[in-house]
Amino acid sequence: MDASSTIDVAVWNIEADGGCQGERRDLALDILAEHEPDVWLQQEAKHSREGGQRLKNSAAKRLGLRGFLAEPNPYVDADIATAVYLRPELFHVREEPPRAKPWWLHPCHVQAQLGDCPVPLNIVSAHLCFFDANQRLTEAGWLTTLAEPGMVTLIGMDSNSYPRAPEPVTLPDWDSVTDRAHMVHRTYVDADGHRRSDTRPDAALIDAGYVDLARHAADHLGVDSKVALAPTAGFDKPHQGGPQRIDRGYAAGGAAVALDHVEVIDTDDTRAASDHALVLYRFNRARLERVLTQAAPCAR
């Protein structure tokens, strides 16, 4: 397929930004360059603010993209940025809306126009709170504001939580998880006092009109569920319940109709570069442009 006919989106949490000395970053960028994404939504851009945003700028140059970082959050123990990278030949950035509470780590939110499309595309890289299920639910609630009528939104995130619908890989058996702190991080207490796997952020997004893109690909596009719904993290962590699909992409405002393919890239190289797999989403550009032309204007 002609590359100009698609919009390829990568979602990848590169552990600790590839290391403080960048020891794994070159490998990660080599892997990304091989797939030539038009959009890269990164989590754990931990060192990318340092030195005049040197790492962000070098990654953008290496990939031929333009990079953006979330606004700093001075009120957390570690200001770990999220990042959005866009192909400048395709996207004209209209706005970088600043983010405030309720976030543990601020999302990177860029509002951009695809070509001459009149309706902007909200593009968000998010990293939900790892230790507090209630905080994650609040953060998901904020993301639902980008699913209001007239908005078209694409989110890539490390959700630190689970899908509501049953997956090919079952959720952890928390009684057998030996990392009890992790058990608390990934569960919530229901009204009857029982601990449940935290699927509430996913449920909030789906109920607000978002589409889990991997689930959509498996259910409607004929993509093998083992490819689309494969685990993305937890590979070497049996003490935390083992591999699960915590890195996910969501779309609102009709963008899911442009999706053609989803694939989890889990190889020896991706595991050497990060503790998360790379997830790729391929959109048909013409269909996405129609969505961004025909979407009803926001009533605000």
# chains A, B, ... in the order shown; residues from 1 in each chain; ligands from 1
call {"tool": "residues_around", "arguments": {"residues": "Phe131 in chain A", "least_positions_apart": "4", "cutoff": "10 Å", "atoms": "only C-alpha atoms", "output": "PyMOL selection string"}}
result
chain A and resi 104+135-136+160+181-187
call {"tool": "residues_around", "arguments": {"residues": "Tyr188 in chain A", "least_positions_apart": "2", "cutoff": "8 Å", "atoms": "only C-alpha atoms", "output": "list in words"}}
result
Ala133, Asn134, Val184, Arg186, Asp190, Arg195, Arg196, Ser197 and Asp198 of chain A
call {"tool": "closest_residue", "arguments": {"among": "A:Ala28, A:Leu41, A:Val169, A:Val110", "to": "Pro231 in chain A", "atoms": "only C-alpha atoms"}}
result
A:Val169
call {"tool": "residues_around", "arguments": {"residues": "Ala228 in chain A", "least_positions_apart": "5", "cutoff": "12 Å", "atoms": "only C-alpha atoms", "output": "PDB file with C-alpha atoms, in the first residue's frame"}}
result
ATOM      1  CA  GLU A 167      -9.559 -11.029  26.603  1.00  0.00           C
ATOM      2  CA  PRO A 168      -7.705 -14.011  25.121  1.00  0.00           C
ATOM      3  CA  ASP A 212     -10.985   0.303  21.860  1.00  0.00           C
ATOM      4  CA  LEU A 213      -9.201   0.084  18.532  1.00  0.00           C
ATOM      5  CA  ALA A 214      -7.658  -3.338  19.061  1.00  0.00           C
ATOM      6  CA  ARG A 215     -10.993  -4.813  20.116  1.00  0.00           C
ATOM      7  CA  HIS A 216     -12.608  -3.190  17.057  1.00  0.00           C
ATOM      8  CA  ALA A 217      -9.974  -4.740  14.796  1.00  0.00           C
ATOM      9  CA  ALA A 218     -10.519  -8.181  16.296  1.00  0.00           C
ATOM     10  CA  ASP A 219     -14.318  -7.986  16.250  1.00  0.00           C
ATOM     11  CA  HIS A 220     -14.962  -6.189  12.949  1.00  0.00           C
ATOM     12  CA  LEU A 221     -11.863  -6.151  10.727  1.00  0.00           C
ATOM     13  CA  GLY A 222     -10.937  -9.814  10.708  1.00  0.00           C
ATOM     14  CA  VAL A 223      -7.643  -9.240  12.529  1.00  0.00           C
ATOM     15  CA  ARG A 245      -2.880  -5.760  27.450  1.00  0.00           C
ATOM     16  CA  ASP A 247      -1.231  -0.374  26.452  1.00  0.00           C
ATOM     17  CA  ARG A 248      -4.239   0.562  24.353  1.00  0.00           C
ATOM     18  CA  GLY A 249      -5.460   2.962  21.687  1.00  0.00           C
ATOM     19  CA  ASP A 260      -7.531  -0.902   8.858  1.00  0.00           C
ATOM     20  CA  HIS A 261      -5.175  -2.894  11.076  1.00  0.00           C
ATOM     21  CA  VAL A 262      -3.763  -3.262  14.601  1.00  0.00           C
ATOM     22  CA  GLU A 263      -0.698  -5.248  15.557  1.00  0.00           C
ATOM     23  CA  VAL A 264       1.296  -5.770  18.756  1.00  0.00           C
ATOM     24  CA  ILE A 265       5.015  -5.956  17.978  1.00  0.00           C
ATOM     25  CA  ASP A 266       6.576  -8.165  20.639  1.00  0.00           C
ATOM     26  CA  LEU A 278       5.095  -1.623  20.511  1.00  0.00           C
ATOM     27  CA  VAL A 279       1.503  -1.314  19.276  1.00  0.00           C
ATOM     28  CA  LEU A 280       0.848  -0.203  15.685  1.00  0.00           C
ATOM     29  CA  TYR A 281      -2.438   1.158  14.327  1.00  0.00           C
ATOM     30  CA  ARG A 282      -2.964   1.702  10.605  1.00  0.00           C
TER      31      ARG A 282
END
call {"tool": "residues_around", "arguments": {"residues": "Asp179 in chain A", "least_positions_apart": "5", "cutoff": "10 Å", "atoms": "only C-alpha atoms", "output": "PyMOL selection string"}}
result
chain A and resi 174+184+237-241
call {"tool": "write_last_selection", "arguments": {"atoms": "N, CA, C and O atoms", "output": "CSV table (one decimal), in the first residue's frame"}}
result
chain,number,residue,atom,x,y,z
A,174,TRP,N,-5.6,-12.7,41.6
A,174,TRP,CA,-5.0,-11.9,42.6
A,174,TRP,C,-4.6,-12.6,43.9
A,174,TRP,O,-3.6,-12.2,44.6
A,184,VAL,N,-2.7,-4.3,45.0
A,184,VAL,CA,-3.5,-3.2,45.5
A,184,VAL,C,-3.5,-2.1,44.4
A,184,VAL,O,-4.6,-1.5,44.1
A,237,LYS,N,7.1,-10.8,34.6
A,237,LYS,CA,6.7,-10.4,35.9
A,237,LYS,C,5.6,-11.3,36.4
A,237,LYS,O,4.4,-10.9,36.7
A,238,PRO,N,5.9,-12.6,36.5
A,238,PRO,CA,4.8,-13.6,37.0
A,238,PRO,C,4.4,-13.2,38.4
A,238,PRO,O,3.2,-13.5,38.8
A,239,HIS,N,5.2,-12.5,39.2
A,239,HIS,CA,4.9,-12.1,40.6
A,239,HIS,C,3.8,-11.0,40.6
A,239,HIS,O,3.2,-10.8,41.6
A,240,GLN,N,3.6,-10.4,39.4
A,240,GLN,CA,2.6,-9.4,39.3
A,240,GLN,C,1.4,-9.8,38.4
A,240,GLN,O,0.5,-9.0,38.1
A,241,GLY,N,1.3,-11.1,38.1
A,241,GLY,CA,0.2,-11.6,37.4
A,241,GLY,C,0.4,-11.9,35.9
A,241,GLY,O,-0.5,-12.4,35.2
call {"tool": "select_by_dssp", "arguments": {"residues": "range 55-289 of chain A", "states": "helix (DSSP H, G or I)", "output": "VMD selection string"}}
result
chain A and resid 55 to 63 133 to 147 174 to 176 180 to 185 200 to 207 213 to 220 225 to 228 238 to 240 255 to 258 268 to 273 285 to 289
call {"tool": "closest_residue", "arguments": {"among": "A:Ala252, A:Ala81, A:Ala16, A:Leu121", "to": "Ala273 in chain A", "atoms": "only C-alpha atoms"}}
result
A:Ala16
call {"tool": "closest_residue", "arguments": {"among": "A:Val189, A:Ala140, A:Leu90, A:Leu128", "to": "Gly115 in chain A", "atoms": "only C-alpha atoms"}}
result
A:Leu90
call {"tool": "residues_around", "arguments": {"residues": "Thr270 in chain A", "least_positions_apart": "6", "cutoff": "12 Å", "atoms": "only C-alpha atoms", "output": "number ranges by chain"}}
result
A: 12-15, 18, 24-32, 232-233, 235, 264, 276-279
call {"tool": "select_by_dssp", "arguments": {"residues": "range 156-297 of chain A", "states": "strand (DSSP E or B)", "output": "CSV table (one decimal) with N, CA, C and O atoms, in the first residue's frame"}}
result
chain,number,residue,atom,x,y,z
A,156,GLY,N,-3.5,7.3,22.8
A,156,GLY,CA,-2.7,6.1,23.0
A,156,GLY,C,-2.2,6.2,24.5
A,156,GLY,O,-1.7,7.3,24.9
A,157,MET,N,-2.3,5.1,25.2
A,157,MET,CA,-2.0,5.2,26.6
A,157,MET,C,-1.4,3.9,27.2
A,157,MET,O,-1.6,2.8,26.7
A,158,ASP,N,-0.6,4.1,28.3
A,158,ASP,CA,-0.4,3.0,29.2
A,158,ASP,C,-1.4,3.2,30.3
A,158,ASP,O,-1.4,4.1,31.1
A,187,THR,N,-6.1,-3.1,41.5
A,187,THR,CA,-7.5,-3.5,41.8
A,187,THR,C,-8.2,-2.3,42.5
A,187,THR,O,-7.6,-1.3,42.9
A,188,TYR,N,-9.5,-2.5,42.7
A,188,TYR,CA,-10.3,-1.6,43.5
A,188,TYR,C,-11.2,-2.4,44.4
A,188,TYR,O,-11.5,-3.6,44.1
A,189,VAL,N,-11.7,-1.8,45.4
A,189,VAL,CA,-12.6,-2.4,46.4
A,189,VAL,C,-14.1,-2.1,46.0
A,189,VAL,O,-14.5,-0.9,45.9
A,195,ARG,N,-12.1,-7.1,46.4
A,195,ARG,CA,-11.2,-6.5,45.4
A,195,ARG,C,-11.4,-7.1,44.0
A,195,ARG,O,-11.6,-8.3,43.8
A,196,ARG,N,-11.5,-6.2,43.0
A,196,ARG,CA,-11.7,-6.5,41.7
A,196,ARG,C,-10.6,-6.0,40.8
A,196,ARG,O,-10.1,-4.9,41.1
A,197,SER,N,-10.3,-6.7,39.7
A,197,SER,CA,-9.4,-6.1,38.7
A,197,SER,C,-9.9,-4.8,38.2
A,197,SER,O,-11.1,-4.7,37.9
A,211,VAL,N,-13.9,4.0,21.2
A,211,VAL,CA,-13.8,2.6,20.7
A,211,VAL,C,-12.4,2.1,21.0
A,211,VAL,O,-11.4,2.8,20.7
A,212,ASP,N,-12.3,1.0,21.7
A,212,ASP,CA,-11.0,0.3,21.9
A,212,ASP,C,-10.6,-0.2,20.5
A,212,ASP,O,-11.2,-1.1,19.9
A,233,ALA,N,2.5,-5.9,28.1
A,233,ALA,CA,3.5,-5.6,29.2
A,233,ALA,C,3.3,-6.8,30.2
A,233,ALA,O,2.4,-7.5,30.2
A,244,GLN,N,-0.3,-8.8,30.3
A,244,GLN,CA,-1.6,-8.3,30.1
A,244,GLN,C,-1.6,-7.2,29.0
A,244,GLN,O,-0.6,-6.6,28.8
A,247,ASP,N,-1.5,-1.5,27.4
A,247,ASP,CA,-1.2,-0.4,26.5
A,247,ASP,C,-2.3,-0.4,25.4
A,247,ASP,O,-2.4,-1.4,24.6
A,248,ARG,N,-3.1,0.6,25.3
A,248,ARG,CA,-4.2,0.6,24.4
A,248,ARG,C,-4.4,1.9,23.6
A,248,ARG,O,-4.1,2.9,24.1
A,249,GLY,N,-5.1,1.8,22.5
A,249,GLY,CA,-5.5,3.0,21.7
A,249,GLY,C,-7.0,3.1,21.6
A,249,GLY,O,-7.7,2.1,21.5
A,250,TYR,N,-7.5,4.3,21.7
A,250,TYR,CA,-8.9,4.6,21.7
A,250,TYR,C,-9.2,5.7,20.7
A,250,TYR,O,-8.4,6.6,20.5
A,251,ALA,N,-10.4,5.6,20.1
A,251,ALA,CA,-10.8,6.7,19.2
A,251,ALA,C,-12.2,7.1,19.5
A,251,ALA,O,-13.0,6.2,19.8
A,252,ALA,N,-12.5,8.3,19.3
A,252,ALA,CA,-13.9,8.9,19.5
A,252,ALA,C,-14.2,9.8,18.3
A,252,ALA,O,-13.3,10.2,17.6
A,259,LEU,N,-10.0,2.8,10.7
A,259,LEU,CA,-9.0,1.8,11.1
A,259,LEU,C,-8.9,0.7,10.1
A,259,LEU,O,-10.0,0.1,9.7
A,260,ASP,N,-7.7,0.3,9.7
A,260,ASP,CA,-7.5,-0.9,8.9
A,260,ASP,C,-6.9,-2.1,9.6
A,260,ASP,O,-7.2,-3.2,9.2
A,261,HIS,N,-6.0,-1.8,10.5
A,261,HIS,CA,-5.2,-2.9,11.1
A,261,HIS,C,-4.6,-2.5,12.4
A,261,HIS,O,-4.3,-1.3,12.6
A,262,VAL,N,-4.4,-3.4,13.3
A,262,VAL,CA,-3.8,-3.3,14.6
A,262,VAL,C,-2.8,-4.4,14.8
A,262,VAL,O,-3.2,-5.6,14.5
A,263,GLU,N,-1.7,-4.2,15.3
A,263,GLU,CA,-0.7,-5.2,15.6
A,263,GLU,C,0.2,-4.9,16.8
A,263,GLU,O,0.6,-3.8,16.9
A,264,VAL,N,0.4,-5.9,17.6
A,264,VAL,CA,1.3,-5.8,18.8
A,264,VAL,C,2.6,-6.4,18.3
A,264,VAL,O,2.7,-7.5,17.9
A,265,ILE,N,3.7,-5.5,18.4
A,265,ILE,CA,5.0,-6.0,18.0
A,265,ILE,C,5.8,-6.3,19.2
A,265,ILE,O,6.2,-5.5,20.0
A,276,HIS,N,7.7,-2.8,27.6
A,276,HIS,CA,6.4,-2.8,26.9
A,276,HIS,C,6.5,-3.1,25.4
A,276,HIS,O,7.6,-2.7,24.8
A,278,LEU,N,5.5,-2.7,21.4
A,278,LEU,CA,5.1,-1.6,20.5
A,278,LEU,C,3.8,-2.0,19.9
A,278,LEU,O,3.6,-3.1,19.4
A,279,VAL,N,2.8,-1.1,19.9
A,279,VAL,CA,1.5,-1.3,19.3
A,279,VAL,C,1.3,-0.4,18.1
A,279,VAL,O,1.5,0.8,18.2
A,280,LEU,N,1.0,-1.0,16.9
A,280,LEU,CA,0.8,-0.2,15.7
A,280,LEU,C,-0.6,-0.2,15.2
A,280,LEU,O,-1.3,-1.2,15.2
A,281,TYR,N,-1.1,1.0,14.8
A,281,TYR,CA,-2.4,1.2,14.3
A,281,TYR,C,-2.3,1.8,12.9
A,281,TYR,O,-1.7,2.8,12.8
A,282,ARG,N,-3.0,1.2,12.0
A,282,ARG,CA,-3.0,1.7,10.6
A,282,ARG,C,-4.4,2.2,10.2
A,282,ARG,O,-5.3,1.5,10.3
A,283,PHE,N,-4.4,3.5,9.8
A,283,PHE,CA,-5.7,4.1,9.4
A,283,PHE,C,-5.6,4.4,7.9
A,283,PHE,O,-4.6,4.8,7.4
A,284,ASN,N,-6.8,4.2,7.3
A,284,ASN,CA,-7.0,4.7,5.9
A,284,ASN,C,-7.1,6.2,5.9
A,284,ASN,O,-8.0,6.7,6.5
call {"tool": "atom_distance", "arguments": {"atom1": "CA of Ser48 in chain A", "atom2": "CA of Glu71 in chain A"}}
result
12.0 Å
call {"tool": "atom_distance", "arguments": {"atom1": "CA of Val39 in chain A", "atom2": "CA of Gly242 in chain A"}}
result
29.0 Å
call {"tool": "closest_residue", "arguments": {"among": "A:Ala33, A:Pro107, A:Ala191, A:Ala83", "to": "Asn57 in chain A", "atoms": "only C-alpha atoms"}}
result
A:Ala83
